[in-house]
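*Asks:* The structure is given below, and queries will be raised subsequently.
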Amino acid sequence: MTIKQALKVAIDILKQFNIENPIQISKIVLASVLQKSKEYLVINEEENLLEETYKEFIEKIRKISQGMPMQYVTNKQEFMGMEFFVDENVLIPRADTEILVEEVLKIIDKKEKLSILDMCTGSGIIAISIAKYTKNNRIYAVDISNKALEIAKKNAINNNVDKRIEFIASNMFEKLNSNNKFDIIVSNPPYIETEVIPTLESQVQKEPKIALDGGIDGLDFYRDILVNSKKYLKDNGTICLEIGYNQKKSVSDLLKKEYSNIYCKKDLAGNDRVIVAM
Ligand code: GLN
């Protein structure tokens, strides 16, 4: 079985199950099984695959055809120009979250020695990106899930910033010491309303429920961050939050109780995506 023939089999399976982008997915998955680039596949399309390589490839394609997100099969997602390991224990990084990170980088500007908290770090993308693109700041990354924290640590090591991030297993602020106050609290918390979750695409439903579920009105984690910010945010500190496309008003209204300066940023699709309060 050649590379070309194997890709054809995979594309046909994915098409049969109405999976979007079958060609692209097939190439990405085969390239990752072979640990080669997508270009390699094009140049070497007549190369024969080992039987076990072909089997592994088709097994992965079958999982994707059953609704498993491609990133959980390849264990990879790019974010802010870096590669992150992901599996079923963490949310798959979204391009929209880069808007949040870019806003935090703008706020940090050239400042150093800041203390920055990434609440609900998941795979660690936010904390790791901030560590990568700024100098000399102390970064804390908190998650309730030990499995997620293991992945975040691995991602920090792979991207050479592990020495600059402290990983803390905690249910929100519970294990944090309020003598340690932050200049910036950033978070992309779970924000989907509980009853909306079963209506999401099947791929999204393969992601950890605790990474998606924001409670009955989707706002549980914003409320927790707001209440705790009184104790954990420095007087001139800033809160930066990712929000759902329809949460600008509800999250701003919450934040208005404590903060007077609030603004919102849109994502590339034009949806409200980030709220900053200070
Ligand atoms: N902070 C991580 C991310 O943005 C995880 C978010 C989450 O689990 N809700 O991908």
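Going by the structure tokens order, chains are called A, B, ..., each with residues numbered from 1, while ligands are numbered from 1 in the order shown.
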Counting only C-alpha atoms and all ligand atoms, what residues are within 10 Å of ligand 1, given as a PyMOL selection string?
*Replies:* chain A and resi 79+86+89-98+100-101+118-127+141-145+148+152+186-192+207-214+221+242
*Asks:* Can you tell me, as a VMD selection string, what residues are no more than 12 Å from A:Leu117 when counting only C-alpha atoms, ignoring any on the same chain fewer than 4 positions away?
*Replies:* chain A and resid 104 121 124 126 to 128 130 to 131 137 to 143 165 to 168 172 to 173 176 180 to 188 225 229 232 to 234 237 to 241
*Asks:* Can you tell me, as a list in words, which residues in stretch 28-183 of chain A count as strand (DSSP E or B) by DSSP?
*Replies:*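 DSSP-assigned strand (DSSP E or B) residues in stretch 28-183 of chain A: Asn48, Gln77, Glu78, Phe79, Met82, Glu83, Phe84, Ser115, Ile116, Leu117, Asp118, Met119, Arg138, Ile139, Tyr140, Ala141, Val142, Asp143, Ile165, Glu166, Phe167, Ile168, Ala169, Phe182 and Asp183 of chain A.
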*Asks:* May I have all residues of stretch 147-211 of chain A that DSSP, computed from the backbone, assigns to alpha helix (DSSP H), given as a PDB file with N, CA, C and O atoms, in the first residue's frame?
*Replies:*
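Dumped to result_36.pdb:
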```pdb
ATOM      1  N   LYS A 147      -4.418  15.702  35.900  1.00  0.00           N
ATOM      2  CA  LYS A 147      -4.035  15.204  34.571  1.00  0.00           C
ATOM      3  C   LYS A 147      -3.758  16.372  33.644  1.00  0.00           C
ATOM      4  O   LYS A 147      -2.827  16.337  32.840  1.00  0.00           O
ATOM      5  N   ALA A 148      -4.576  17.418  33.720  1.00  0.00           N
ATOM      6  CA  ALA A 148      -4.336  18.608  32.888  1.00  0.00           C
ATOM      7  C   ALA A 148      -2.999  19.242  33.277  1.00  0.00           C
ATOM      8  O   ALA A 148      -2.197  19.609  32.412  1.00  0.00           O
ATOM      9  N   LEU A 149      -2.736  19.336  34.583  1.00  0.00           N
ATOM     10  CA  LEU A 149      -1.482  19.973  35.022  1.00  0.00           C
ATOM     11  C   LEU A 149      -0.254  19.207  34.535  1.00  0.00           C
ATOM     12  O   LEU A 149       0.756  19.807  34.189  1.00  0.00           O
ATOM     13  N   GLU A 150      -0.353  17.883  34.510  1.00  0.00           N
ATOM     14  CA  GLU A 150       0.761  17.085  33.987  1.00  0.00           C
ATOM     15  C   GLU A 150       1.041  17.474  32.532  1.00  0.00           C
ATOM     16  O   GLU A 150       2.191  17.605  32.108  1.00  0.00           O
ATOM     17  N   ILE A 151      -0.042  17.647  31.776  1.00  0.00           N
ATOM     18  CA  ILE A 151       0.108  18.021  30.355  1.00  0.00           C
ATOM     19  C   ILE A 151       0.676  19.432  30.240  1.00  0.00           C
ATOM     20  O   ILE A 151       1.577  19.697  29.436  1.00  0.00           O
ATOM     21  N   ALA A 152       0.172  20.337  31.082  1.00  0.00           N
ATOM     22  CA  ALA A 152       0.666  21.722  31.040  1.00  0.00           C
ATOM     23  C   ALA A 152       2.166  21.761  31.349  1.00  0.00           C
ATOM     24  O   ALA A 152       2.936  22.464  30.687  1.00  0.00           O
ATOM     25  N   LYS A 153       2.588  20.963  32.331  1.00  0.00           N
ATOM     26  CA  LYS A 153       4.020  20.929  32.690  1.00  0.00           C
ATOM     27  C   LYS A 153       4.849  20.412  31.534  1.00  0.00           C
ATOM     28  O   LYS A 153       5.914  20.946  31.224  1.00  0.00           O
ATOM     29  N   LYS A 154       4.361  19.345  30.913  1.00  0.00           N
ATOM     30  CA  LYS A 154       5.061  18.763  29.767  1.00  0.00           C
ATOM     31  C   LYS A 154       5.173  19.806  28.642  1.00  0.00           C
ATOM     32  O   LYS A 154       6.224  19.957  28.016  1.00  0.00           O
ATOM     33  N   ASN A 155       4.097  20.555  28.417  1.00  0.00           N
ATOM     34  CA  ASN A 155       4.125  21.581  27.371  1.00  0.00           C
ATOM     35  C   ASN A 155       5.094  22.711  27.722  1.00  0.00           C
ATOM     36  O   ASN A 155       5.757  23.264  26.845  1.00  0.00           O
ATOM     37  N   ALA A 156       5.181  23.037  29.013  1.00  0.00           N
ATOM     38  CA  ALA A 156       6.114  24.087  29.435  1.00  0.00           C
ATOM     39  C   ALA A 156       7.552  23.619  29.211  1.00  0.00           C
ATOM     40  O   ALA A 156       8.402  24.374  28.731  1.00  0.00           O
ATOM     41  N   ILE A 157       7.822  22.350  29.526  1.00  0.00           N
ATOM     42  CA  ILE A 157       9.171  21.811  29.317  1.00  0.00           C
ATOM     43  C   ILE A 157       9.498  21.801  27.820  1.00  0.00           C
ATOM     44  O   ILE A 157      10.542  22.290  27.399  1.00  0.00           O
ATOM     45  N   ASN A 158       8.560  21.298  27.006  1.00  0.00           N
ATOM     46  CA  ASN A 158       8.809  21.220  25.553  1.00  0.00           C
ATOM     47  C   ASN A 158       9.052  22.591  24.943  1.00  0.00           C
ATOM     48  O   ASN A 158       9.735  22.719  23.939  1.00  0.00           O
ATOM     49  N   SER A 202     -20.438  17.002  17.829  1.00  0.00           N
ATOM     50  CA  SER A 202     -19.991  15.793  18.531  1.00  0.00           C
ATOM     51  C   SER A 202     -18.496  15.873  18.879  1.00  0.00           C
ATOM     52  O   SER A 202     -18.072  15.362  19.907  1.00  0.00           O
ATOM     53  N   GLN A 203     -17.696  16.540  18.053  1.00  0.00           N
ATOM     54  CA  GLN A 203     -16.267  16.667  18.366  1.00  0.00           C
ATOM     55  C   GLN A 203     -16.069  17.415  19.683  1.00  0.00           C
ATOM     56  O   GLN A 203     -15.235  17.029  20.507  1.00  0.00           O
ATOM     57  N   VAL A 204     -16.835  18.493  19.872  1.00  0.00           N
ATOM     58  CA  VAL A 204     -16.683  19.304  21.089  1.00  0.00           C
ATOM     59  C   VAL A 204     -17.096  18.478  22.314  1.00  0.00           C
ATOM     60  O   VAL A 204     -16.509  18.585  23.391  1.00  0.00           O
ATOM     61  N   GLN A 205     -18.079  17.591  22.094  1.00  0.00           N
ATOM     62  CA  GLN A 205     -18.530  16.785  23.228  1.00  0.00           C
ATOM     63  C   GLN A 205     -17.515  15.734  23.662  1.00  0.00           C
ATOM     64  O   GLN A 205     -17.676  15.119  24.721  1.00  0.00           O
ATOM     65  N   LYS A 209     -15.792  17.618  29.966  1.00  0.00           N
ATOM     66  CA  LYS A 209     -16.950  18.424  30.370  1.00  0.00           C
ATOM     67  C   LYS A 209     -16.538  19.514  31.363  1.00  0.00           C
ATOM     68  O   LYS A 209     -17.034  20.644  31.294  1.00  0.00           O
ATOM     69  N   ILE A 210     -15.635  19.191  32.285  1.00  0.00           N
ATOM     70  CA  ILE A 210     -15.244  20.219  33.267  1.00  0.00           C
ATOM     71  C   ILE A 210     -14.528  21.399  32.615  1.00  0.00           C
ATOM     72  O   ILE A 210     -14.441  22.461  33.213  1.00  0.00           O
ATOM     73  N   ALA A 211     -14.036  21.221  31.391  1.00  0.00           N
ATOM     74  CA  ALA A 211     -13.382  22.339  30.698  1.00  0.00           C
ATOM     75  C   ALA A 211     -14.388  23.190  29.926  1.00  0.00           C
ATOM     76  O   ALA A 211     -14.060  24.271  29.452  1.00  0.00           O
TER      77      ALA A 211
END
```
*Asks:* One number please: atom CA of A:Lys132 to atom CA of A:Lys163, in Å, one decimal.
*Replies:*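 For atom CA of A:Lys132 relative to atom CA of A:Lys163, the distance reads 11.2 Å.
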*Asks:* Pick the closest to A:Ala10 from A:Glu47, A:Glu59, A:Asp217, A:Asp109: which is it, counting only C-alpha atoms?
*Replies:*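 Result for the nearest residue to A:Ala10: A:Glu59.
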